[in-house]
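Note: the block below is final_37.pdb and it holds PDB, C-alpha atoms and all ligand atoms.
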```pdb
ATOM      1  CA  MET U 106      90.005 109.940  83.682
ATOM      2  CA  ALA U 107      87.139 111.043  85.909
ATOM      3  CA  PRO U 108      88.319 111.504  89.487
ATOM      4  CA  LEU U 109      87.212 108.949  92.057
ATOM      5  CA  LEU U 110      86.854 111.647  94.676
ATOM      6  CA  SER U 111      86.449 115.365  94.183
ATOM      7  CA  THR U 112      85.503 118.157  96.532
ATOM      8  CA  GLN U 113      84.631 121.762  95.781
ATOM      9  CA  GLY U 114      84.487 124.564  98.299
ATOM     10  CA  LEU U 115      84.309 122.107 101.165
ATOM     11  CA  ALA U 116      84.020 123.807 104.563
ATOM     12  CA  TYR U 117      83.312 122.647 108.078
ATOM     13  CA  ALA U 118      82.574 124.454 111.331
ATOM     14  CA  TYR U 119      81.616 122.592 114.501
ATOM     15  CA  PRO U 120      78.107 123.525 115.587
ATOM     16  CA  GLY U 121      78.542 126.376 118.016
ATOM     17  CA  GLY U 122      82.291 126.116 117.487
ATOM     18  CA  GLY U 123      82.690 129.584 115.979
ATOM     19  CA  GLN U 124      85.348 129.822 113.290
ATOM     20  CA  ALA U 125      85.462 127.159 110.606
ATOM     21  CA  VAL U 126      87.980 124.321 110.942
ATOM     22  CA  PHE U 127      88.646 124.418 107.209
ATOM     23  CA  GLU U 128      87.169 126.170 104.239
ATOM     24  CA  ASN U 129      87.270 126.189 100.481
ATOM     25  CA  ILE U 130      88.900 122.790 100.165
ATOM     26  CA  ALA U 131      89.112 121.586  96.583
ATOM     27  CA  LEU U 132      90.822 118.285  96.083
ATOM     28  CA  THR U 133      90.704 115.329  93.759
ATOM     29  CA  VAL U 134      91.839 111.754  94.010
ATOM     30  CA  GLN U 135      92.132 109.645  90.867
ATOM     31  CA  PRO U 136      91.339 105.934  90.845
ATOM     32  CA  GLY U 137      94.350 104.078  92.212
ATOM     33  CA  GLU U 138      96.148 107.246  93.272
ATOM     34  CA  PHE U 139      97.968 107.505  96.622
ATOM     35  CA  VAL U 140      97.381 110.946  98.119
ATOM     36  CA  ALA U 141      98.704 112.117 101.472
ATOM     37  CA  ILE U 142      97.288 114.976 103.542
ATOM     38  CA  VAL U 143      99.694 116.639 105.948
ATOM     39  CA  GLY U 144      99.213 119.423 108.437
ATOM     40  CA  GLN U 145      99.900 120.223 112.031
ATOM     41  CA  SER U 146      97.999 118.759 114.923
ATOM     42  CA  GLY U 147      94.522 120.218 115.195
ATOM     43  CA  VAL U 148      94.493 121.695 111.689
ATOM     44  CA  GLY U 149      91.480 119.591 110.689
ATOM     45  CA  LYS U 150      92.868 116.523 108.928
ATOM     46  CA  SER U 151      90.634 113.967 110.642
ATOM     47  CA  THR U 152      87.581 116.166 110.223
ATOM     48  CA  LEU U 153      88.346 116.564 106.527
ATOM     49  CA  LEU U 154      88.749 112.811 106.074
ATOM     50  CA  ARG U 155      85.303 112.230 107.586
ATOM     51  CA  CYS U 156      83.758 115.013 105.494
ATOM     52  CA  VAL U 157      85.029 113.805 102.126
ATOM     53  CA  VAL U 158      83.029 110.585 102.460
ATOM     54  CA  GLY U 159      80.075 112.149 104.245
ATOM     55  CA  LEU U 160      80.618 110.526 107.667
ATOM     56  CA  THR U 161      80.475 114.092 108.919
ATOM     57  CA  ALA U 162      78.225 116.442 106.963
ATOM     58  CA  ALA U 163      80.149 119.416 105.576
ATOM     59  CA  THR U 164      78.862 122.885 106.494
ATOM     60  CA  SER U 165      79.114 123.946 102.860
ATOM     61  CA  GLY U 166      80.564 122.768  99.601
ATOM     62  CA  LYS U 167      80.421 119.442  97.857
ATOM     63  CA  ALA U 168      82.194 116.124  98.048
ATOM     64  CA  GLN U 169      81.621 113.479  95.424
ATOM     65  CA  LEU U 170      82.826 109.925  95.576
ATOM     66  CA  GLN U 171      82.137 108.411  92.176
ATOM     67  CA  VAL U 172      82.642 104.702  92.335
ATOM     68  CA  PRO U 173      82.088 102.271  89.523
ATOM     69  CA  ASP U 174      79.603  99.498  90.127
ATOM     70  CA  THR U 175      81.200  97.389  92.853
ATOM     71  CA  ALA U 176      79.146  94.347  93.671
ATOM     72  CA  GLY U 177      80.724  92.730  96.694
ATOM     73  CA  GLY U 178      82.845  95.769  97.517
ATOM     74  CA  ARG U 179      82.474  99.028  99.348
ATOM     75  CA  PRO U 180      83.130 102.537  98.056
ATOM     76  CA  TYR U 181      85.502 103.236 100.940
ATOM     77  CA  ALA U 182      87.002 101.806 104.104
ATOM     78  CA  PHE U 183      88.729 103.451 107.073
ATOM     79  CA  VAL U 184      91.888 102.551 108.942
ATOM     80  CA  PHE U 185      92.145 104.410 112.232
ATOM     81  CA  GLN U 186      95.113 105.393 114.353
ATOM     82  CA  ASP U 187      93.639 103.622 117.371
ATOM     83  CA  THR U 188      92.649 100.572 115.225
ATOM     84  CA  ARG U 189      89.146 100.304 116.794
ATOM     85  CA  LEU U 190      89.169  96.530 116.798
ATOM     86  CA  LEU U 191      86.253  94.928 118.593
ATOM     87  CA  PRO U 192      87.698  93.428 121.793
ATOM     88  CA  TRP U 193      85.122  90.651 121.973
ATOM     89  CA  ARG U 194      85.894  89.259 118.527
ATOM     90  CA  ARG U 195      88.931  87.269 117.505
ATOM     91  CA  VAL U 196      91.181  88.677 114.776
ATOM     92  CA  GLN U 197      89.447  86.654 112.098
ATOM     93  CA  ALA U 198      86.016  87.900 113.135
ATOM     94  CA  ASN U 199      87.282  91.473 113.277
ATOM     95  CA  VAL U 200      88.516  91.185 109.699
ATOM     96  CA  ALA U 201      85.148  89.736 108.664
ATOM     97  CA  TYR U 202      83.235  92.495 110.392
ATOM     98  CA  GLY U 203      82.972  94.843 107.401
ATOM     99  CA  LEU U 204      81.608  92.091 105.172
ATOM    100  CA  GLN U 205      78.235  92.089 106.879
ATOM    101  CA  GLY U 206      75.723  93.520 104.456
ATOM    102  CA  LEU U 207      77.771  92.785 101.357
ATOM    103  CA  THR U 208      76.199  90.223  99.089
ATOM    104  CA  LEU U 209      78.736  87.445  99.533
ATOM    105  CA  ASP U 210      77.997  83.819 100.267
ATOM    106  CA  SER U 211      79.793  82.403 103.265
ATOM    107  CA  GLN U 212      82.460  80.712 101.165
ATOM    108  CA  ALA U 213      83.280  83.932  99.323
ATOM    109  CA  ALA U 214      83.311  85.842 102.606
ATOM    110  CA  GLN U 215      85.668  83.290 104.137
ATOM    111  CA  ALA U 216      87.983  83.617 101.123
ATOM    112  CA  ARG U 217      87.952  87.391 101.459
ATOM    113  CA  VAL U 218      88.949  87.176 105.093
ATOM    114  CA  GLN U 219      91.772  84.731 104.345
ATOM    115  CA  ASP U 220      93.080  86.855 101.453
ATOM    116  CA  ALA U 221      92.954  90.083 103.438
ATOM    117  CA  MET U 222      94.727  88.475 106.400
ATOM    118  CA  ALA U 223      97.400  87.073 104.076
ATOM    119  CA  LEU U 224      97.943  90.470 102.431
ATOM    120  CA  ALA U 225      98.329  92.168 105.797
ATOM    121  CA  MET U 226     100.422  89.254 107.090
ATOM    122  CA  VAL U 227      98.232  88.390 110.056
ATOM    123  CA  SER U 228      97.050  84.916 109.001
ATOM    124  CA  GLU U 229      98.846  83.252 111.893
ATOM    125  CA  LEU U 230      97.092  85.618 114.320
ATOM    126  CA  ALA U 231      93.591  84.638 113.147
ATOM    127  CA  GLU U 232      92.524  83.012 116.419
ATOM    128  CA  ARG U 233      93.930  85.653 118.761
ATOM    129  CA  TRP U 234      91.967  88.243 120.685
ATOM    130  CA  PRO U 235      92.814  91.913 120.132
ATOM    131  CA  PHE U 236      94.346  92.194 123.616
ATOM    132  CA  GLN U 237      96.906  89.585 122.569
ATOM    133  CA  LEU U 238      98.286  91.762 119.732
ATOM    134  CA  SER U 239     101.205  94.181 119.660
ATOM    135  CA  GLY U 240     100.554  97.702 118.379
ATOM    136  CA  GLY U 241     101.993  96.885 114.968
ATOM    137  CA  GLN U 242      99.996  93.648 114.734
ATOM    138  CA  ALA U 243      96.794  95.466 115.655
ATOM    139  CA  GLN U 244      97.495  97.990 112.880
ATOM    140  CA  ARG U 245      97.915  95.157 110.387
ATOM    141  CA  VAL U 246      94.595  93.672 111.495
ATOM    142  CA  GLY U 247      92.920  97.067 111.052
ATOM    143  CA  LEU U 248      94.349  97.201 107.552
ATOM    144  CA  ALA U 249      93.163  93.651 106.812
ATOM    145  CA  ARG U 250      89.651  94.553 107.935
ATOM    146  CA  ALA U 251      89.636  97.505 105.539
ATOM    147  CA  LEU U 252      91.076  95.492 102.634
ATOM    148  CA  ALA U 253      88.516  92.713 103.057
ATOM    149  CA  VAL U 254      85.720  94.911 101.717
ATOM    150  CA  HIS U 255      87.653  95.676  98.509
ATOM    151  CA  PRO U 256      87.333  99.442  98.901
ATOM    152  CA  GLN U 257      87.770 101.785  95.944
ATOM    153  CA  LEU U 258      89.100 104.377  98.375
ATOM    154  CA  LEU U 259      91.138 103.487 101.438
ATOM    155  CA  LEU U 260      91.061 106.243 104.048
ATOM    156  CA  MET U 261      93.875 106.088 106.577
ATOM    157  CA  ASP U 262      94.074 108.463 109.549
ATOM    158  CA  GLU U 263      97.594 108.474 111.011
ATOM    159  CA  PRO U 264      97.563 104.691 110.978
ATOM    160  CA  PHE U 265     101.189 104.195 112.003
ATOM    161  CA  SER U 266     101.732 106.927 114.552
ATOM    162  CA  ALA U 267     101.375 104.665 117.600
ATOM    163  CA  VAL U 268     104.193 102.276 116.665
ATOM    164  CA  ASP U 269     107.977 102.555 116.967
ATOM    165  CA  ALA U 270     110.033 103.976 114.084
ATOM    166  CA  LEU U 271     111.267 100.646 112.768
ATOM    167  CA  THR U 272     107.854  98.978 112.810
ATOM    168  CA  ARG U 273     106.506 102.072 111.143
ATOM    169  CA  GLN U 274     108.914 101.733 108.225
ATOM    170  CA  THR U 275     108.015  98.069 107.880
ATOM    171  CA  LEU U 276     104.301  98.878 107.876
ATOM    172  CA  GLN U 277     104.838 101.631 105.304
ATOM    173  CA  ASP U 278     106.591  99.232 102.940
ATOM    174  CA  GLU U 279     103.949  96.572 103.498
ATOM    175  CA  LEU U 280     101.248  99.104 102.720
ATOM    176  CA  LEU U 281     102.991 100.116  99.487
ATOM    177  CA  ALA U 282     103.301  96.482  98.428
ATOM    178  CA  ILE U 283      99.597  95.901  99.111
ATOM    179  CA  TRP U 284      98.636  99.094  97.315
ATOM    180  CA  GLN U 285     100.667  98.103  94.263
ATOM    181  CA  ARG U 286      98.984  94.711  94.170
ATOM    182  CA  THR U 287      95.392  95.702  94.842
ATOM    183  CA  ARG U 288      95.364  99.329  93.673
ATOM    184  CA  PRO U 289      92.703 101.089  95.693
ATOM    185  CA  ALA U 290      92.984 104.870  95.786
ATOM    186  CA  VAL U 291      94.446 105.885  99.151
ATOM    187  CA  LEU U 292      93.872 109.060 101.128
ATOM    188  CA  PHE U 293      96.453 108.968 103.890
ATOM    189  CA  VAL U 294      96.529 111.506 106.719
ATOM    190  CA  THR U 295      99.756 112.066 108.617
ATOM    191  CA  HIS U 296     101.636 114.843 110.352
ATOM    192  CA  ASP U 297     104.900 113.164 109.335
ATOM    193  CA  ILE U 298     106.205 114.877 106.201
ATOM    194  CA  GLU U 299     108.830 112.210 105.452
ATOM    195  CA  GLU U 300     106.155 109.551 105.629
ATOM    196  CA  ALA U 301     103.925 111.511 103.239
ATOM    197  CA  ALA U 302     106.701 112.136 100.712
ATOM    198  CA  TYR U 303     107.892 108.541 100.867
ATOM    199  CA  LEU U 304     104.458 107.014 100.348
ATOM    200  CA  ALA U 305     102.392 109.287  98.169
ATOM    201  CA  ASP U 306     101.999 110.212  94.518
ATOM    202  CA  ARG U 307     100.817 113.609  95.709
ATOM    203  CA  VAL U 308     100.981 115.470  99.007
ATOM    204  CA  ILE U 309      98.322 117.977  99.999
ATOM    205  CA  VAL U 310      99.371 120.439 102.692
ATOM    206  CA  LEU U 311      96.775 122.003 104.991
ATOM    207  CA  SER U 312      97.558 125.089 106.985
ATOM    208  CA  GLY U 313      95.966 128.044 108.727
ATOM    209  CA  ARG U 314      92.783 128.597 110.660
ATOM    210  CA  PRO U 315      90.457 128.061 108.926
ATOM    211  CA  ALA U 316      92.693 125.573 107.143
ATOM    212  CA  ARG U 317      93.161 125.701 103.406
ATOM    213  CA  VAL U 318      95.205 123.772 100.895
ATOM    214  CA  VAL U 319      98.488 125.687 100.758
ATOM    215  CA  LEU U 320     100.338 123.181  98.573
ATOM    216  CA  ASP U 321      99.357 120.290  96.319
ATOM    217  CA  LYS U 322     102.649 118.693  95.408
ATOM    218  CA  THR U 323     103.243 115.838  93.003
ATOM    219  CA  ILE U 324     106.023 113.548  94.185
ATOM    220  CA  ALA U 325     107.798 112.641  90.987
ATOM    221  CA  GLN U 326     110.269 110.083  92.351
ATOM    222  CA  ALA U 327     110.071 106.655  90.791
ATOM    223  CA  ARG U 328     109.257 103.668  92.986
ATOM    224  CA  PRO U 329     110.708 101.908  94.846
ATOM    225  CA  ARG U 330     111.955 105.041  96.584
ATOM    226  CA  GLU U 331     114.993 105.669  98.689
ATOM    227  CA  ARG U 332     114.288 106.831 102.211
ATOM    228  CA  GLU U 333     117.612 108.599 102.490
ATOM    229  CA  GLY U 334     117.781 109.925  98.937
ATOM    230  CA  ALA U 335     118.340 113.547  97.901
ATOM    231  CA  ALA U 336     115.061 113.619  95.943
ATOM    232  CA  LEU U 337     113.039 112.779  99.035
ATOM    233  CA  ARG U 338     114.915 115.400 101.019
ATOM    234  CA  ASP U 339     114.076 118.083  98.452
ATOM    235  CA  ASP U 340     110.398 117.137  98.489
ATOM    236  CA  VAL U 341     110.347 117.205 102.278
ATOM    237  CA  ARG U 342     111.923 120.659 102.294
ATOM    238  CA  ALA U 343     109.381 122.034  99.851
ATOM    239  CA  ILE U 344     106.544 120.720 101.994
ATOM    240  CA  GLU U 345     108.092 122.081 105.193
ATOM    241  CA  ALA U 346     108.400 125.489 103.574
ATOM    242  CA  ALA U 347     104.674 125.510 102.845
ATOM    243  CA  LEU U 348     103.645 124.525 106.376
TER     244      LEU U 348
HETATM  245  N1  LIG K 401      83.373 118.750 118.967
HETATM  246  C1  LIG K 401      84.171 119.758 118.664
HETATM  247  N2  LIG K 401      83.752 121.039 118.810
HETATM  248  C2  LIG K 401      84.546 122.076 118.472
HETATM  249  N3  LIG K 401      85.787 121.929 117.962
HETATM  250  C3  LIG K 401      86.248 120.681 117.789
HETATM  251  C4  LIG K 401      85.479 119.524 118.122
HETATM  252  N4  LIG K 401      86.205 118.429 117.836
HETATM  253  C5  LIG K 401      87.374 118.872 117.350
HETATM  254  N5  LIG K 401      87.419 120.216 117.314
HETATM  255  C6  LIG K 401      88.518 121.064 116.809
HETATM  256  O1  LIG K 401      88.570 120.954 115.403
HETATM  257  C7  LIG K 401      89.923 121.070 114.962
HETATM  258  C8  LIG K 401      90.250 119.993 113.980
HETATM  259  O2  LIG K 401      90.275 118.721 114.616
HETATM  260  P1  LIG K 401      90.836 117.439 113.879
HETATM  261  O3  LIG K 401      90.695 116.302 114.789
HETATM  262  O4  LIG K 401      90.212 117.326 112.537
HETATM  263  O5  LIG K 401      92.383 117.834 113.688
HETATM  264  P2  LIG K 401      93.591 116.949 113.181
HETATM  265  O6  LIG K 401      94.321 117.751 112.140
HETATM  266  O7  LIG K 401      93.125 115.606 112.792
HETATM  267  O8  LIG K 401      94.523 116.853 114.485
HETATM  268  P3  LIG K 401      95.530 115.683 114.941
HETATM  269  O9  LIG K 401      96.730 115.782 114.035
HETATM  270  O10 LIG K 401      95.883 116.073 116.344
HETATM  271  O11 LIG K 401      94.806 114.384 114.841
HETATM  272  C9  LIG K 401      90.769 121.068 116.219
HETATM  273  O12 LIG K 401      91.253 122.360 116.434
HETATM  274  C10 LIG K 401      89.848 120.609 117.316
HETATM  275  O13 LIG K 401      90.173 121.218 118.530
HETATM  276 MG    MG K 402      93.492 113.710 113.560
END
```
Here is a file; write its structure as structure tokens.
Amino acid sequence: MAPLLSTQGLAYAYPGGGQAVFENIALTVQPGEFVAIVGQSGVGKSTLLRCVVGLTAATSGKAQLQVPDTAGGRPYAFVFQDTRLLPWRRVQANVAYGLQGLTLDSQAAQARVQDAMALAMVSELAERWPFQLSGGQAQRVGLARALAVHPQLLLMDEPFSAVDALTRQTLQDELLAIWQRTRPAVLFVTHDIEEAAYLADRVIVLSGRPARVVLDKTIAQARPREREGAALRDDVRAIEAAL
């Protein structure tokens, strides 16, 4: 199968920033695959996520996102740590935001918004303003907004790091359920190794300055996975050793 996303020799240095943030990054993501990127704070995870889809232009190397013809969908969508909801739009209108510019009639757009809100379990929050949401609810709305555009690749940058541990586990399981139903490829950035090993088919470990891929580990455990299981613990240890 041709990869959905592939990069070769990808490198980035901030203009005037001296040493590169990362260099020589080669990675692939298959259609429908769930890939996690882990690395310590400041290693370059967010920068890499922007570079792989061209939101930030790489200094050198190539990134290719090869999406099949997707009328009514987008090649990719982002979910951010800080949600970035528009404060002057109700939840419903925030979820609809990404649909502007897609060729959908208003009925189809409305259906998209309803489906995405149902998937992310925020339907009953449709009329609220962002300031009326808890952190976990705001994250669900951010996810709904991304899902509404039917992305081939869902990019998530530490989406659950601002919520408490229990909410985080709930959101992780909800995300897995959504992923299994709708099957976008996911590129999920986190500094939480347990989270990466629990969620992903494959974990890519970034380390060093400039950062490089020091491990690309397939997580073989069958799903649903056990959070407390020995298999997860072994995977976590192997990733820790590489960091
Ligand atoms: N405008 C800038 N100019 C120079 N260096 C920058 C600039 N913005 C960020 N950096 C540096 O680039 C590096 C990578 O930043 P990035 O945000 O990608 O890291 P990260 O792995 O996502 O970190 P975190 O886990 O804290 O979110 C950091 O060391 C940061 O200090
Ligand atoms: Mg970051």
Return as an MDAnalysis selection string the set of residues that the PyMOL selection byres (((chain U and resi 233-241) around 10) and not hetatm) yields on the displayed structure. chainID U and resid 187:199 229:232 242:247 264:265 267:269 272:273 275:276
Explicit residues for the PyMOL selection byres (((not hetatm)) within 7 of (chain K and resi 402)) (as a PDB file with C-alpha atoms, in the frame of the given file):
```
ATOM      1  CA  SER U 146      97.999 118.759 114.923  1.00  0.00           C
ATOM      2  CA  GLY U 147      94.522 120.218 115.195  1.00  0.00           C
ATOM      3  CA  GLY U 149      91.480 119.591 110.689  1.00  0.00           C
ATOM      4  CA  LYS U 150      92.868 116.523 108.928  1.00  0.00           C
ATOM      5  CA  SER U 151      90.634 113.967 110.642  1.00  0.00           C
ATOM      6  CA  ASP U 262      94.074 108.463 109.549  1.00  0.00           C
TER       7      ASP U 262
END
```
Would you kindly translate the PyMOL selection byres (((chain U and resi 180-182) around 10) and not hetatm) into the concrete residues it picks from this file, as a PyMOL selection string? chain U and resi 109+158+170-175+178-179+183-185+203+248+250-261+289-291
Residues contacting ligand LIG 401 (chain K) - anything with an atom at most 10 Å away, using only C-alpha atoms and all ligand atoms - can you give me those as a compact mmCIF listing (two decimals) with C-alpha atoms, keeping the file's coordinate frame?
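The result, stored in pocket.txt:
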```
# COMPACT_ATOMS: atom_id res chain seq x y z
CA TYR U 117 83.31 122.65 108.08
CA ALA U 118 82.57 124.45 111.33
CA TYR U 119 81.62 122.59 114.50
CA PRO U 120 78.11 123.52 115.59
CA GLY U 121 78.54 126.38 118.02
CA GLY U 122 82.29 126.12 117.49
CA GLY U 123 82.69 129.58 115.98
CA GLN U 124 85.35 129.82 113.29
CA ALA U 125 85.46 127.16 110.61
CA VAL U 126 87.98 124.32 110.94
CA PHE U 127 88.65 124.42 107.21
CA ILE U 142 97.29 114.98 103.54
CA VAL U 143 99.69 116.64 105.95
CA GLY U 144 99.21 119.42 108.44
CA GLN U 145 99.90 120.22 112.03
CA SER U 146 98.00 118.76 114.92
CA GLY U 147 94.52 120.22 115.20
CA VAL U 148 94.49 121.70 111.69
CA GLY U 149 91.48 119.59 110.69
CA LYS U 150 92.87 116.52 108.93
CA SER U 151 90.63 113.97 110.64
CA THR U 152 87.58 116.17 110.22
CA LEU U 153 88.35 116.56 106.53
CA LEU U 154 88.75 112.81 106.07
CA ARG U 155 85.30 112.23 107.59
CA CYS U 156 83.76 115.01 105.49
CA GLN U 186 95.11 105.39 114.35
CA ASP U 262 94.07 108.46 109.55
CA GLU U 263 97.59 108.47 111.01
CA VAL U 294 96.53 111.51 106.72
CA THR U 295 99.76 112.07 108.62
CA HIS U 296 101.64 114.84 110.35
CA ASP U 297 104.90 113.16 109.34
CA LEU U 311 96.78 122.00 104.99
CA SER U 312 97.56 125.09 106.98
CA ARG U 314 92.78 128.60 110.66
CA PRO U 315 90.46 128.06 108.93
CA ALA U 316 92.69 125.57 107.14
```
Report, in Å with one decimal, the straight-line distance from atom CA of Leu207 of chain U to atom CA of Gly177 of chain U.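 Between these atoms lies a distance of 5.5 Å.
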Separation of atom CA of Ser111 of chain U from atom CA of Ile344 of chain U in Å: 22.2 Å
In Å, rounded to a single decimal, give me how far atom CA of Leu280 of chain U is from atom CA of Ala163 of chain U.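 Interatomic distance here is 29.4 Å.
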Env of segment 323-327 of chain U: 8 Å cut, atoms = only C-alpha atoms, seq-sep filter 6 positions within chain, self excluded. Answer as a PyMOL selection string. chain U and resi 302+305-308+336-337+340
Atoms to include: C-alpha atoms. Write the selected residues as a compact mmCIF listing (two decimals), in the coordinates of the input.
```
# COMPACT_ATOMS: atom_id res chain seq x y z
CA ALA U 302 106.70 112.14 100.71
CA ALA U 305 102.39 109.29 98.17
CA ASP U 306 102.00 110.21 94.52
CA ARG U 307 100.82 113.61 95.71
CA VAL U 308 100.98 115.47 99.01
CA ALA U 336 115.06 113.62 95.94
CA LEU U 337 113.04 112.78 99.04
CA ASP U 340 110.40 117.14 98.49
```
Mind giving me the axis-aligned box for segment 166-182 of chain U with 8 Å on every side, centre plus edges in Å to one decimal, as lines of an AutoDock Vina configuration file?
```
center_x = 83.1
center_y = 107.7
center_z = 96.8
size_x = 23.9
size_y = 46.0
size_z = 30.6
```
Residues within 7 Å of (89.8, 110.8, 91.1), counting only C-alpha atoms, listed as an MDAnalysis selection string: chainID U and resid 107:111 133:136
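Among U:Glu138, U:Thr208, U:Gly159, U:Leu281, the residue with the shortest atom-to-atom distance to Met106 of chain U, counting all atoms listed in the file, is U:Glu138.
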Nearest residue to Ile283 of chain U from the set U:Ala221, U:Leu348, U:Ala176, U:Leu115 (distances using only C-alpha atoms):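 Among the listed residues, U:Ala221 lies closest to Ile283 of chain U.
When all atoms listed in the file are used to measure the gap to Ala201 of chain U, the shortest distance among U:Gln277, U:Gln215, U:Thr112, U:Thr161 belongs to U:Gln215.
Distance annotation: of U:Ala141, U:Ala131, U:Leu271, U:Ala116, the residue with the minimal separation from Phe293 of chain U is U:Ala141; atom set is all atoms listed in the file.
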